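Asker: Got a file for you: target26.txt, compact mmCIF, C-alpha atoms and all ligand atoms.
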```txt
# COMPACT_ATOMS: atom_id res chain seq x y z
CA MET V 10 -19.03 65.79 43.91
CA SER V 11 -17.47 64.95 40.55
CA LYS V 12 -15.41 67.74 38.93
CA VAL V 13 -14.41 68.58 35.37
CA PHE V 14 -10.73 69.40 35.16
CA VAL V 15 -8.06 70.05 32.58
CA ASN V 16 -4.60 68.62 33.20
CA LEU V 17 -1.82 69.37 30.73
CA GLY V 18 1.91 69.89 30.37
CA MET V 19 2.95 73.24 28.90
CA THR V 20 6.08 75.24 28.09
CA LEU V 21 6.76 78.63 29.66
CA ASP V 22 5.60 80.30 26.43
CA GLY V 23 2.28 78.49 26.47
CA CYS V 24 2.83 75.59 24.04
CA ILE V 25 1.49 72.08 24.65
CA ALA V 26 3.17 70.60 21.54
CA GLY V 27 5.95 71.52 19.16
CA PRO V 28 5.79 72.24 15.43
CA ASN V 29 5.28 69.50 12.81
CA ARG V 30 3.11 67.38 15.10
CA GLY V 31 1.05 64.47 13.86
CA PRO V 32 0.78 60.70 14.16
CA LYS V 33 4.31 60.31 12.74
CA ASN V 34 5.69 62.87 15.19
CA PRO V 35 3.58 62.78 18.39
CA LEU V 36 3.76 66.06 20.36
CA GLY V 37 5.80 67.59 17.51
CA ASP V 38 9.46 68.57 17.39
CA ARG V 39 10.90 68.77 20.94
CA GLY V 40 7.39 68.27 22.33
CA ILE V 41 8.29 65.21 24.35
CA ALA V 42 10.56 67.46 26.46
CA ILE V 43 7.38 69.00 27.94
CA HIS V 44 6.77 65.66 29.67
CA GLU V 45 10.40 64.80 30.46
CA TRP V 46 9.76 65.13 34.22
CA LEU V 47 6.66 62.92 33.96
CA PHE V 48 8.51 59.97 32.46
CA GLU V 49 10.74 59.94 35.57
CA GLN V 50 7.79 59.44 37.95
CA ARG V 51 7.07 56.00 39.36
CA ALA V 52 3.27 56.33 39.07
CA PHE V 53 3.42 57.38 35.41
CA ARG V 54 5.96 54.68 34.53
CA ALA V 55 3.68 52.10 36.13
CA SER V 56 0.65 53.37 34.18
CA LEU V 57 2.59 52.94 30.92
CA LYS V 58 4.22 49.69 32.08
CA LEU V 59 7.67 51.19 31.52
CA GLY V 60 9.18 48.99 34.22
CA GLU V 61 10.13 49.29 37.85
CA GLY V 62 11.67 52.35 39.43
CA GLY V 63 11.13 56.03 39.05
CA GLU V 64 11.03 58.99 41.38
CA THR V 65 8.82 58.84 44.46
CA GLY V 66 8.90 62.46 45.67
CA GLU V 67 6.43 65.33 45.49
CA ASP V 68 6.09 65.24 41.68
CA ASN V 69 5.17 61.57 41.87
CA ARG V 70 2.66 62.22 44.64
CA ILE V 71 0.95 64.77 42.40
CA VAL V 72 0.84 62.32 39.49
CA GLU V 73 -0.61 59.62 41.76
CA GLY V 74 -3.32 62.02 42.93
CA THR V 75 -4.22 62.90 39.35
CA ILE V 76 -4.43 59.27 38.25
CA ARG V 77 -6.58 58.40 41.28
CA ARG V 78 -9.17 61.10 40.66
CA ILE V 79 -9.87 60.35 36.98
CA GLY V 80 -13.02 58.36 36.18
CA ALA V 81 -13.25 59.26 32.48
CA ASN V 82 -11.32 61.27 29.89
CA ILE V 83 -12.32 63.49 26.98
CA LEU V 84 -9.92 63.84 24.05
CA GLY V 85 -9.85 65.56 20.68
CA LYS V 86 -9.40 63.53 17.54
CA ARG V 87 -5.90 64.86 16.81
CA MET V 88 -4.62 63.87 20.24
CA PHE V 89 -6.24 60.47 19.75
CA GLU V 90 -4.65 60.01 16.29
CA GLU V 91 -1.19 60.54 17.75
CA GLY V 92 -1.86 58.18 20.63
CA GLU V 93 -3.50 55.50 18.52
CA VAL V 94 -0.13 54.77 16.92
CA SER V 95 2.11 55.43 19.93
CA TRP V 96 0.34 54.31 23.13
CA PRO V 97 1.08 50.75 24.22
CA GLU V 98 -1.59 48.09 23.61
CA GLU V 99 -2.69 48.68 27.22
CA ALA V 100 -3.50 52.34 26.64
CA PRO V 101 -2.60 54.34 29.76
CA PHE V 102 -6.09 55.64 30.64
CA ARG V 103 -7.60 52.48 32.23
CA CYS V 104 -11.11 53.97 32.16
CA PRO V 105 -13.59 55.13 29.50
CA VAL V 106 -12.29 57.72 27.02
CA PHE V 107 -14.61 59.88 24.90
CA VAL V 108 -13.05 61.14 21.67
CA LEU V 109 -14.70 64.18 20.07
CA THR V 110 -14.67 63.66 16.33
CA HIS V 111 -16.68 64.00 13.15
CA GLU V 112 -15.70 60.45 12.23
CA SER V 113 -18.18 57.65 12.99
CA ARG V 114 -16.45 54.67 14.48
CA PRO V 115 -17.46 51.84 16.82
CA PRO V 116 -15.97 51.77 20.34
CA TRP V 117 -12.39 50.51 20.51
CA GLU V 118 -11.73 48.39 23.59
CA ARG V 119 -8.13 47.92 24.70
CA PRO V 120 -6.77 45.49 27.28
CA GLY V 121 -6.28 47.02 30.73
CA GLY V 122 -9.58 48.87 31.09
CA THR V 123 -9.47 51.59 28.40
CA THR V 124 -12.34 51.81 25.91
CA PHE V 125 -12.38 54.65 23.38
CA HIS V 126 -15.88 55.90 22.47
CA PHE V 127 -16.18 58.19 19.46
CA VAL V 128 -18.61 61.07 20.01
CA ASN V 129 -20.09 62.93 17.02
CA ASP V 130 -22.75 65.05 18.71
CA GLY V 131 -20.76 67.70 20.49
CA LEU V 132 -19.22 68.88 23.75
CA ASP V 133 -22.28 68.50 25.98
CA SER V 134 -22.91 64.97 24.83
CA ALA V 135 -19.28 63.92 25.42
CA LEU V 136 -19.33 65.52 28.87
CA GLY V 137 -22.66 63.93 29.79
CA ARG V 138 -21.40 60.49 28.83
CA ALA V 139 -18.08 61.05 30.60
CA ARG V 140 -19.83 62.20 33.80
CA ALA V 141 -22.07 59.14 33.77
CA ALA V 142 -19.07 56.84 33.24
CA ALA V 143 -16.96 58.56 35.92
CA GLY V 144 -19.56 58.27 38.70
CA GLU V 145 -18.08 59.82 41.87
CA LYS V 146 -14.70 60.33 40.20
CA ASP V 147 -13.66 63.33 38.11
CA VAL V 148 -13.71 63.91 34.36
CA ARG V 149 -10.43 64.96 32.81
CA ILE V 150 -10.37 67.04 29.65
CA SER V 151 -7.07 65.62 28.43
CA GLY V 152 -6.49 67.76 25.33
CA GLY V 153 -5.52 68.84 22.83
CA ALA V 154 -5.68 72.60 22.68
CA ASN V 155 -8.73 72.75 20.42
CA VAL V 156 -10.90 70.69 22.76
CA VAL V 157 -9.68 72.47 25.91
CA MET V 158 -10.41 75.83 24.25
CA GLN V 159 -13.97 74.76 23.45
CA TYR V 160 -14.68 73.53 27.00
CA LEU V 161 -13.20 76.71 28.53
CA ASN V 162 -15.24 78.94 26.23
CA ALA V 163 -18.37 76.95 27.09
CA GLY V 164 -17.76 77.54 30.81
CA LEU V 165 -17.66 73.81 31.52
CA VAL V 166 -14.19 73.54 33.13
CA GLU V 167 -14.00 73.74 36.94
CA GLU V 168 -10.27 73.27 37.48
CA LEU V 169 -7.21 73.92 35.35
CA GLU V 170 -4.01 72.05 36.24
CA ILE V 171 -0.90 72.93 34.29
CA ALA V 172 2.58 71.49 34.72
CA ILE V 173 5.01 74.06 33.34
CA ALA V 174 8.24 72.62 31.98
CA PRO V 175 11.29 74.87 32.24
CA MET V 176 11.58 75.42 28.49
CA VAL V 177 10.51 77.78 25.72
CA MET V 178 9.18 76.24 22.51
CA GLY V 179 9.16 79.38 20.36
CA ASP V 180 6.96 77.87 17.69
CA GLY V 181 4.31 75.31 18.50
CA LEU V 182 0.70 74.64 19.46
CA ARG V 183 -0.40 77.31 21.94
CA LEU V 184 -2.93 76.27 24.57
CA PHE V 185 -4.81 79.53 24.85
CA ASP V 186 -5.11 80.54 21.18
CA GLY V 187 -8.83 80.97 20.47
CA VAL V 188 -9.81 81.13 24.13
CA ASP V 189 -12.35 83.86 24.96
CA ALA V 190 -10.83 85.35 28.12
CA ARG V 191 -14.11 87.17 28.95
CA LYS V 192 -15.92 83.87 29.54
CA PHE V 193 -14.15 82.69 32.72
CA GLU V 194 -12.00 83.73 35.68
CA LEU V 195 -9.09 81.94 37.34
CA ARG V 196 -8.22 81.73 41.04
CA LEU V 197 -4.89 80.20 42.00
CA ILE V 198 -5.45 77.29 44.43
CA GLY V 199 -2.04 75.60 44.29
CA ALA V 200 1.55 76.24 43.18
CA ILE V 201 4.21 73.60 43.78
CA PRO V 202 7.66 74.01 42.22
CA SER V 203 10.28 71.30 41.82
CA PRO V 204 13.60 71.44 39.95
CA SER V 205 12.05 69.89 36.83
CA VAL V 206 8.49 71.28 36.68
CA THR V 207 6.10 73.80 38.27
CA HIS V 208 2.62 72.55 39.13
CA LEU V 209 -0.09 75.22 38.96
CA ARG V 210 -3.75 74.67 39.91
CA TYR V 211 -6.55 77.14 39.27
CA ALA V 212 -10.23 77.08 40.13
CA VAL V 213 -12.18 78.20 37.06
CA SER V 214 -15.48 80.05 37.28
CA ARG V 215 -17.74 81.64 34.67
CA SER V 216 -17.46 85.42 34.50
N1 LIG V 301 1.17 68.80 26.48
C1 LIG V 301 0.10 68.09 26.79
O1 LIG V 301 -0.15 67.80 27.99
C2 LIG V 301 -0.83 67.61 25.72
C3 LIG V 301 -2.01 66.97 26.09
C4 LIG V 301 -2.89 66.55 25.09
C5 LIG V 301 -2.58 66.78 23.75
N2 LIG V 301 -1.41 67.39 23.42
C6 LIG V 301 -1.08 67.64 22.01
O2 LIG V 301 -2.11 68.43 21.42
C7 LIG V 301 -2.11 68.18 20.02
C8 LIG V 301 -3.54 68.03 19.53
O3 LIG V 301 -4.28 69.18 19.84
P1 LIG V 301 -5.16 69.95 18.74
O4 LIG V 301 -5.61 71.22 19.33
O5 LIG V 301 -4.38 70.00 17.46
O6 LIG V 301 -6.38 68.95 18.45
P2 LIG V 301 -7.40 68.15 19.40
O7 LIG V 301 -8.06 69.08 20.34
O8 LIG V 301 -6.72 66.95 19.97
O9 LIG V 301 -8.44 67.61 18.31
C9 LIG V 301 -9.17 68.50 17.50
C10 LIG V 301 -10.05 67.67 16.60
O10 LIG V 301 -11.06 66.99 17.37
C11 LIG V 301 -12.28 66.94 16.66
N3 LIG V 301 -13.23 67.77 17.38
C12 LIG V 301 -12.98 68.78 18.27
N4 LIG V 301 -14.10 69.30 18.75
C13 LIG V 301 -15.12 68.63 18.15
C14 LIG V 301 -16.53 68.73 18.24
N5 LIG V 301 -17.12 69.62 19.08
N6 LIG V 301 -17.27 67.88 17.51
C15 LIG V 301 -16.69 66.97 16.70
N7 LIG V 301 -15.35 66.83 16.57
C16 LIG V 301 -14.57 67.66 17.29
C17 LIG V 301 -11.98 67.52 15.26
O11 LIG V 301 -11.46 66.43 14.50
P3 LIG V 301 -12.19 65.74 13.21
O12 LIG V 301 -13.04 66.81 12.58
O13 LIG V 301 -11.03 65.31 12.36
O14 LIG V 301 -12.96 64.58 13.70
C18 LIG V 301 -10.85 68.48 15.58
O15 LIG V 301 -10.06 68.78 14.45
C19 LIG V 301 -1.28 66.94 19.79
O16 LIG V 301 -0.04 67.29 19.20
C20 LIG V 301 -1.08 66.38 21.19
O17 LIG V 301 0.16 65.69 21.32
C21 LIG V 301 -0.53 67.83 24.39
```
Kindly transcribe the structure held in the file into structure tokens.
Ligand SMILES: NC(=O)c1ccc[n+]([C@@H]2O[C@H](COP(=O)([O-])OP(=O)(O)OC[C@H]3O[C@@H](n4cnc5c(N)ncnc54)[C@H](OP(=O)(O)O)[C@@H]3O)[C@@H](O)[C@H]2O)c1
Answerer:
Amino acid sequence: MSKVFVNLGMTLDGCIAGPNRGPKNPLGDRGIAIHEWLFEQRAFRASLKLGEGGETGEDNRIVEGTIRRIGANILGKRMFEEGEVSWPEEAPFRCPVFVLTHESRPPWERPGGTTFHFVNDGLDSALGRARAAAGEKDVRISGGANVVMQYLNAGLVEELEIAIAPMVMGDGLRLFDGVDARKFELRLIGAIPSPSVTHLRYAVSRS
């Protein structure tokens, strides 16, 4: 049965991007450090065509599992705007991507299997289209914080996967700002530490 899951990198103090973020500074100041571990993994390097090599241990196995399960992605417009100017021509999703936005825009097809569809009629519509596109596979809510917050508050997220980087941002974009903690409950279903990151998995249910 297809699941809806969030999968993000975060700092110990709850930030998913640094200050001064935007298309000219993707992930903000020091934000790329959140994903430092990820860029070392063979599966992630292959998805971005960064060349041969990379780590093949437990962190890589987790990345492989995540890539394998995704049948469609949902993104917010601000995440998309950063990626539009920084992802390679073969955008790393390799499946349909639904971008929540107020901007009307025709689909944008990239080589390698990624097509961006721009959705103007809300969360449920984006999720319905993503579910249909994903088939048996899972739908990933990829970010940013605003979109994740909306899906959590709507009770539509079934799993929350967070990779915690061993760093404190101090000032940045906090994942849980605006989240209504009364709307859902978390149950820890996995915790895997490595020297460079801690992988946490929670089942999410409506309260
Ligand atoms: N650490 C990580 O793993 C990770 C992952 C993903 C993203 N990020 C970071 O997160 C940051 C972006 O997050 P964010 O919270 O600022 O923004 P976001 O969630 O990416 O996008 C928010 C925007 O999406 C559009 N939108 C959202 N909900 C909508 C709805 N229901 N209907 C229509 N449009 C809707 C609106 O844009 P318009 O009104 O302009 O159309 C809104 O301003 C970036 O810096 C990115 O690098 C980090």
Asker: Show me which residues sit within 8 Å of ligand LIG 301 (chain V) when counting only C-alpha atoms and all ligand atoms, and put them as a ChimeraX atom specification.
Answerer: /V:16-19,24-27,30-31,35-37,40,43-44,84-89,91-92,108-112,128-132,151-157,159,182,184
Asker: Kindly export the residues of the current selection with C-alpha atoms, as a PDB file, in the coordinates of the input.
Answerer:
```pdb
ATOM      1  CA  ASN V  16      -4.600  68.620  33.200  1.00  0.00           C
ATOM      2  CA  LEU V  17      -1.820  69.370  30.730  1.00  0.00           C
ATOM      3  CA  GLY V  18       1.910  69.890  30.370  1.00  0.00           C
ATOM      4  CA  MET V  19       2.950  73.240  28.900  1.00  0.00           C
ATOM      5  CA  CYS V  24       2.830  75.590  24.040  1.00  0.00           C
ATOM      6  CA  ILE V  25       1.490  72.080  24.650  1.00  0.00           C
ATOM      7  CA  ALA V  26       3.170  70.600  21.540  1.00  0.00           C
ATOM      8  CA  GLY V  27       5.950  71.520  19.160  1.00  0.00           C
ATOM      9  CA  ARG V  30       3.110  67.380  15.100  1.00  0.00           C
ATOM     10  CA  GLY V  31       1.050  64.470  13.860  1.00  0.00           C
ATOM     11  CA  PRO V  35       3.580  62.780  18.390  1.00  0.00           C
ATOM     12  CA  LEU V  36       3.760  66.060  20.360  1.00  0.00           C
ATOM     13  CA  GLY V  37       5.800  67.590  17.510  1.00  0.00           C
ATOM     14  CA  GLY V  40       7.390  68.270  22.330  1.00  0.00           C
ATOM     15  CA  ILE V  43       7.380  69.000  27.940  1.00  0.00           C
ATOM     16  CA  HIS V  44       6.770  65.660  29.670  1.00  0.00           C
ATOM     17  CA  LEU V  84      -9.920  63.840  24.050  1.00  0.00           C
ATOM     18  CA  GLY V  85      -9.850  65.560  20.680  1.00  0.00           C
ATOM     19  CA  LYS V  86      -9.400  63.530  17.540  1.00  0.00           C
ATOM     20  CA  ARG V  87      -5.900  64.860  16.810  1.00  0.00           C
ATOM     21  CA  MET V  88      -4.620  63.870  20.240  1.00  0.00           C
ATOM     22  CA  PHE V  89      -6.240  60.470  19.750  1.00  0.00           C
ATOM     23  CA  GLU V  91      -1.190  60.540  17.750  1.00  0.00           C
ATOM     24  CA  GLY V  92      -1.860  58.180  20.630  1.00  0.00           C
ATOM     25  CA  VAL V 108     -13.050  61.140  21.670  1.00  0.00           C
ATOM     26  CA  LEU V 109     -14.700  64.180  20.070  1.00  0.00           C
ATOM     27  CA  THR V 110     -14.670  63.660  16.330  1.00  0.00           C
ATOM     28  CA  HIS V 111     -16.680  64.000  13.150  1.00  0.00           C
ATOM     29  CA  GLU V 112     -15.700  60.450  12.230  1.00  0.00           C
ATOM     30  CA  VAL V 128     -18.610  61.070  20.010  1.00  0.00           C
ATOM     31  CA  ASN V 129     -20.090  62.930  17.020  1.00  0.00           C
ATOM     32  CA  ASP V 130     -22.750  65.050  18.710  1.00  0.00           C
ATOM     33  CA  GLY V 131     -20.760  67.700  20.490  1.00  0.00           C
ATOM     34  CA  LEU V 132     -19.220  68.880  23.750  1.00  0.00           C
ATOM     35  CA  SER V 151      -7.070  65.620  28.430  1.00  0.00           C
ATOM     36  CA  GLY V 152      -6.490  67.760  25.330  1.00  0.00           C
ATOM     37  CA  GLY V 153      -5.520  68.840  22.830  1.00  0.00           C
ATOM     38  CA  ALA V 154      -5.680  72.600  22.680  1.00  0.00           C
ATOM     39  CA  ASN V 155      -8.730  72.750  20.420  1.00  0.00           C
ATOM     40  CA  VAL V 156     -10.900  70.690  22.760  1.00  0.00           C
ATOM     41  CA  VAL V 157      -9.680  72.470  25.910  1.00  0.00           C
ATOM     42  CA  GLN V 159     -13.970  74.760  23.450  1.00  0.00           C
ATOM     43  CA  LEU V 182       0.700  74.640  19.460  1.00  0.00           C
ATOM     44  CA  LEU V 184      -2.930  76.270  24.570  1.00  0.00           C
TER      45      LEU V 184
END
```
Asker: What separation in Å, quoted to one decimal, exists between atom CA of V:Ala141 and atom CA of V:Leu197?
Answerer: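 Distance reported for this atom pair: 28.4 Å.
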Asker: With all atoms listed in the file as the basis for distance, which of V:Leu169, V:Val206, V:Ala81, V:Ile76 is at the shortest distance from V:Phe107?
Answerer: V:Ala81
Asker: Counting only C-alpha atoms, figure out which residue out of V:Leu59, V:Ile83, V:Leu209, V:Cys104 gets nearest to V:Ala174.
Answerer: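 Selected residue with least distance to V:Ala174: V:Leu209.
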Asker: May I have the residues at most 8 Å from (8.3, 56.0, 43.9) in the file's coordinates, counting all atoms listed in the file, as a PyMOL selection string?
Answerer: chain V and resi 50-52+62-66+69
Asker: Take atom CA of V:Ala172 and atom CA of V:Ala190 and report the distance between them in Å, one decimal.
Answerer: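 Computing it gives 20.4 Å between the two atoms.
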Asker: Mind pulling up the distance from atom CA of V:His126 to atom CA of V:Asn29?
Answerer: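 Spanning atom CA of V:Asn29 to atom CA of V:His126 is a straight-line distance of 26.9 Å.
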Asker: Of the candidates V:Met178, V:Met158, V:Ala55, V:Val106, which shows the shortest atom-to-atom distance to V:Arg138, using all atoms listed in the file?
Answerer: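 Nearest candidate to V:Arg138 out of V:Met178, V:Met158, V:Ala55, V:Val106: V:Val106.
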Asker: At a cut-off of 8 Å, using all atoms listed in the file, what residues contact V:Pro105? Leave out same-chain residues fewer than 2 positions from it and give the result as number ranges by chain.
Answerer: V: 80-82, 102-103, 107, 122-126, 139, 142
Asker: Quick one: axis-aligned box around all listed atoms of stretch 136-152 of chain V, 5 Å on every side, centre and edge lengths in Å to one decimal, written as AutoDock Vina command-line options.
Answerer:
```
--center_x -14.6 --center_y 62.3 --center_z 33.6 --size_x 26.2 --size_y 20.9 --size_z 26.5
```
Asker: Which residue, V:Gly121, V:Gly164, V:Pro175, V:Gly199, has the smallest gap to V:Asp22 when you use all atoms listed in the file?
Answerer: V:Pro175
Asker: Could you check which of V:Val13, V:Ile79, V:Lys33, V:Pro101 is closest to V:Ser56, using all atoms listed in the file?
Answerer: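 Once distances to V:Ser56 are computed over all atoms listed in the file, the minimum belongs to V:Pro101.
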Asker: Return the single residue from V:Lys146, V:Arg54, V:Trp46, V:Ile171 that is closest to V:Asp68, with distances computed using only C-alpha atoms.
Answerer: V:Trp46
Asker: Pick out the residues sitting within 10 Å of V:Met10, and hand them over as a list in words; count only C-alpha atoms, and ignore anything fewer than 5 positions along from it in its own chain.
Answerer: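 What passes the distance filter is Gly144, Glu145, Lys146 and Asp147 of chain V.
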